[in-house]
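A quick write-up on the structure given underneath.
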Amino acid sequence: MIPALFVLAYLAIVLYIGIFAFRQSGGPAAEDFFLAGRSLGPWVFLLSLFGTHMTAFAILGSSGHAFNFGIVTYGLMASISALVVPVCLLFLGTRLWSVGKRFGLITPVQIFRDRWECGHIGTLIFFLQAALLVPYIIIGVMGGGTTLSVISGGFIPFWLGGLLVALVVMSYVFFGGMRGTAWVNTFQTVLFLGFGAIAVTLIGQGMGGFTCVTERLLNNPATASLLTREKFSLTAFFSYTFNPLSAIAFPHIAIFCLTARKVTQFKRTVIFYPICILLIWLPCVYLGVAANQATEIPAIEAKIEARAATGRPVPGDDVMLQLLNRYAPGWIAGLLGAGIMAAVMASDSQILALSTMFTEDVFAFYGGKAKFGESAQIFTGRMFVVLVTAFAYFTALNAKVAIFDLAVQYAFAGYAAMSPLFVAALCWRGSTKWGALAATLFISAATVALYFLPRGFTVAGFAPVVPMTVISAALVWGVSLLTPKPSAATIHR
């Protein structure tokens with residue numbers, strides 16, 4: 001229970017940070033609750049933005065995927081994200097900040113409505129964004145339950161671990177809003193950035209050293225392919241280069257872009273983002289691959305035998321935690337477990353983003369704020385936080401999909417296909433609401449189709465994210481050319 005007690009202490013600390021942020025808030029103003037008054041400083045902005053992007057997918061999902069497929073996992077997601085995400089922040093994030101600052105806008109849908117003179121189409125975009133974000137929130141609950149269950153040796157069951165994480169996240173988001181979320185994410189990012197190097201050092205030494213582990217992997221015919229790109233075709237590998245386009249379309253990332261005090265804060269973020277990705281993904285991927293040599297751990301040995309018997313990937317989200325329990329002393333395992341928990345709890349900003357969008361894009365847009373006032377708007381947002389958290393928790397209890405697959409199949413594909421809407425709204429005067437509507441309807445239909453299609457479905461060898469993004473961009477472009485533009489005054493503005 002020693003590691004579990006460290007993790008529980010960590011949960012208490014982040015809960016206090018969120019409550020402290022509530023006490024520091026400037027009052028019940030909606031902009032203060034949902035955007036921290038657009039006042040985040042440069043380092044808090046960088047660390048909280050990065051922290052909200054790196055979730056259980058980056059820690060547990062990447063190591064589990066690397067356990068089955070090898071070091072190619074790093075190339076699939078980390079290296080291309082280190083290039084694409086900063087570019088999106090530089091060219092689109094700064095424009096989001098500028099438009100939001102000048103016109104007092106809080107959500108992407110508000111920007112779309114203002115730009116394209118649309119009403120109900122914006123509501124449809126909100127529902128699509130909300131539906132695509134729910135899997136990511138579920139990932140956070142799954143990661144929290146898995147971490148506490150494995151760290152405690154099964155003493156804390158998955159359902160209780162997930163419940164504790166859900167309640168803590170819900171509480172500090174409920175009280176602290178964006179300020180509490182940003183402060184907690186900053187604290188969490190510092191914690192799990194330091195976790196990687198320590199974990200690799202301790203676990204690597206426990207397994208005999210980096211060189212020894214790598215040589216054993218290379219000399220074993222069953223694991224040698226894990227050190228190559230052999231398990232992925234070139235077309236499948238190329239498909240993953242589209243996934244990072246989803247970053248700017250994630251509501252929590254887009255809304256975070258609006259919280260910076262100055263636009264110059266994006267400069268530091270763009271520079272340090274690739275370095276932060278390296279510090280997180282490299283240790284996780286390495287430990288996931290190295291776990292294939294940890295046959296003295298019964299849980300991992302069972303996974304290896306099951307994979308050999310069926311020839312199919314096995315659930316591996318817990319392999320890094322198993323290594324931690326085996327090769328690190330109890331109190332060190334507790335500290336590192338808290339570092340892992342810091343990453344898997346990044347669902348806080350996603351829950352807040354959903355709450356923000358609902359209150360602004362639905363409640364306020366359809367007259368709720370004008371009729372009941374700003375205090376009622378914030379209360380509605382807080383109640384929405386409770387409902388979303390409860391839904392995510394009960395869904396996570398029955399989820400049978402690996403964290404990596406859940407994110408890639410639904411969240412990444414859908415949001416990457418939405419990125420052309422942001423490019424069109426912020427960079428092309430000729431775009432129209434009808435082009436946005438056509439793309440939104442297509443993405444909605446394609447996402448529903450993904451649920452019924454078999455896992456691993458491809459189009460001419462490409463993952464669904466490629467045709468979805470290309471067709472979405474073509475629809476925005478083609479339909480906009482054929483339909484009437486917004487008024488000249490709106491375009492000029």
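As shown in the structure tokens, the chain order sets the letters A, B, ...; within each chain, residues go from 1, and ligands are also counted from 1 in the order they appear.
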
Q: List every residue of stretch 82-195 of chain A that DSSP, applied to the backbone of this structure, places in alpha helix (DSSP H), and write the result as an MDAnalysis selection string.
A: chainID A and resid 82:88 94:103 108:116 120:151 158:195

Q.
For a quick check of understanding, using only C-alpha atoms, which of A:Ala473, A:Ala12, A:Ala306, A:Leu40 has the smallest distance to A:Gln265?
A.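 Residue with the minimum atom-to-atom distance to A:Gln265: A:Leu40.
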
Q | atom CA of A:Cys284 to atom CA of A:Tyr16, distance in Å rounded to a single decimal | A |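 Here the two named atoms are 28.6 Å from each other.
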
I'd like a table as a tab-separated table: residues in stretch 253-276 of chain A with an atom no more than 8 Å from stretch 106-124 of chain A, each row giving the shortest atom pair and its distance in Å to one decimal, only C-alpha atoms counted, sorted by chain and rising residue number.
residue	atom	partner	partner_atom	distance
A:Ala254	CA	A:Pro108	CA	6.8
A:Ile255	CA	A:Thr107	CA	6.0
A:Leu258	CA	A:Ile106	CA	7.1

(Q) From the options A:Gln188, A:Thr228, A:Ser48, A:Ser152, which residue's atoms come nearest to A:Tyr74, counting only C-alpha atoms? (A) A:Thr228

For A:Val99, please output as an mmCIF file with N, CA and C atoms, in the first residue's frame all residues within 9 Å (counting only C-alpha atoms; exclusion window: fewer than 4 positions along the same chain).
data_model
loop_
_atom_site.group_PDB
_atom_site.id
_atom_site.type_symbol
_atom_site.label_atom_id
_atom_site.label_comp_id
_atom_site.auth_asym_id
_atom_site.auth_seq_id
_atom_site.Cartn_x
_atom_site.Cartn_y
_atom_site.Cartn_z
ATOM 1 N N THR A 94 -2.285 31.154 -32.741
ATOM 2 C CA THR A 94 -2.140 32.603 -32.578
ATOM 3 C C THR A 94 -3.320 33.353 -33.172
ATOM 4 N N ARG A 95 -3.880 32.835 -34.238
ATOM 5 C CA ARG A 95 -5.058 33.480 -34.839
ATOM 6 C C ARG A 95 -6.290 33.285 -33.954
ATOM 7 N N PHE A 103 -12.600 40.107 -30.017
ATOM 8 C CA PHE A 103 -14.060 40.083 -30.062
ATOM 9 C C PHE A 103 -14.697 39.457 -28.829
ATOM 10 N N GLY A 104 -13.873 39.118 -27.817
ATOM 11 C CA GLY A 104 -14.418 38.576 -26.574
ATOM 12 C C GLY A 104 -15.037 37.202 -26.723
ATOM 13 N N LEU A 105 -14.476 36.368 -27.598
ATOM 14 C CA LEU A 105 -15.022 35.038 -27.851
ATOM 15 C C LEU A 105 -14.315 34.008 -26.967
ATOM 16 N N ILE A 111 -16.411 31.420 -32.542
ATOM 17 C CA ILE A 111 -15.619 31.980 -33.647
ATOM 18 C C ILE A 111 -16.224 31.588 -34.984
ATOM 19 N N LEU A 258 -6.788 30.520 -26.007
ATOM 20 C CA LEU A 258 -7.421 31.803 -25.708
ATOM 21 C C LEU A 258 -7.056 32.340 -24.329
ATOM 22 N N LEU A 426 -10.077 30.632 -40.257
ATOM 23 C CA LEU A 426 -9.055 31.580 -39.819
ATOM 24 C C LEU A 426 -8.154 32.079 -40.937
#

Q: Provide the atom CA of A:Tyr366 to atom CA of A:Pro251 distance in Å, to one decimal place.
A: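 Atom CA of A:Tyr366 sits 20.3 Å away from atom CA of A:Pro251.
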
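One distance worth recording is that between atom CA of A:Val165 and atom CA of A:Ile139, which is 11.7 Å.
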
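Proximity to A:Tyr286 was assessed for A:Ala396, A:Val150, A:Ile203, A:Ala411 counting only C-alpha atoms; the smallest distance is recorded for A:Ile203.
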
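For the choices A:Thr214, A:Ser63, A:Asn292, A:Thr432, the atom-to-atom distance to A:Leu481 is smallest for A:Thr432 when using only C-alpha atoms.
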
Q) From the set A:Leu324, A:Ile151, A:Ala260, A:Met178, which residue has the shortest atom-to-atom contact distance to A:Ala199, counting only C-alpha atoms? A) A:Leu324

Q: For A:Ala439, please output as a PyMOL selection string all residues within 12 Å (counting only C-alpha atoms; exclusion window: fewer than 2 positions along the same chain).
A: chain A and resi 121+124-125+128+414-422+424+431-437+441-446+468-480

Q: Excluding A:Val213 and residues on its chain fewer than 5 positions from it, collect all residues at most 7 Å away from it, counting only C-alpha atoms, and give them as a PyMOL selection string.
A: chain A and resi 207-208+290

Output the selection as a short mmCIF file (atom, residue, chain, number, x, y, z; two decimals), in the first residue's frame - N, CA and C atoms for each residue.
data_model
loop_
_atom_site.label_atom_id
_atom_site.label_comp_id
_atom_site.auth_asym_id
_atom_site.auth_seq_id
_atom_site.Cartn_x
_atom_site.Cartn_y
_atom_site.Cartn_z
N MET A 207 16.64 -4.22 -14.73
CA MET A 207 16.57 -5.24 -15.77
C MET A 207 17.95 -5.59 -16.34
N GLY A 208 19.00 -4.95 -15.82
CA GLY A 208 20.35 -5.28 -16.28
C GLY A 208 21.02 -4.21 -17.10
N ALA A 290 10.93 -2.65 -23.64
CA ALA A 290 11.74 -3.42 -22.70
C ALA A 290 10.91 -4.41 -21.90
#
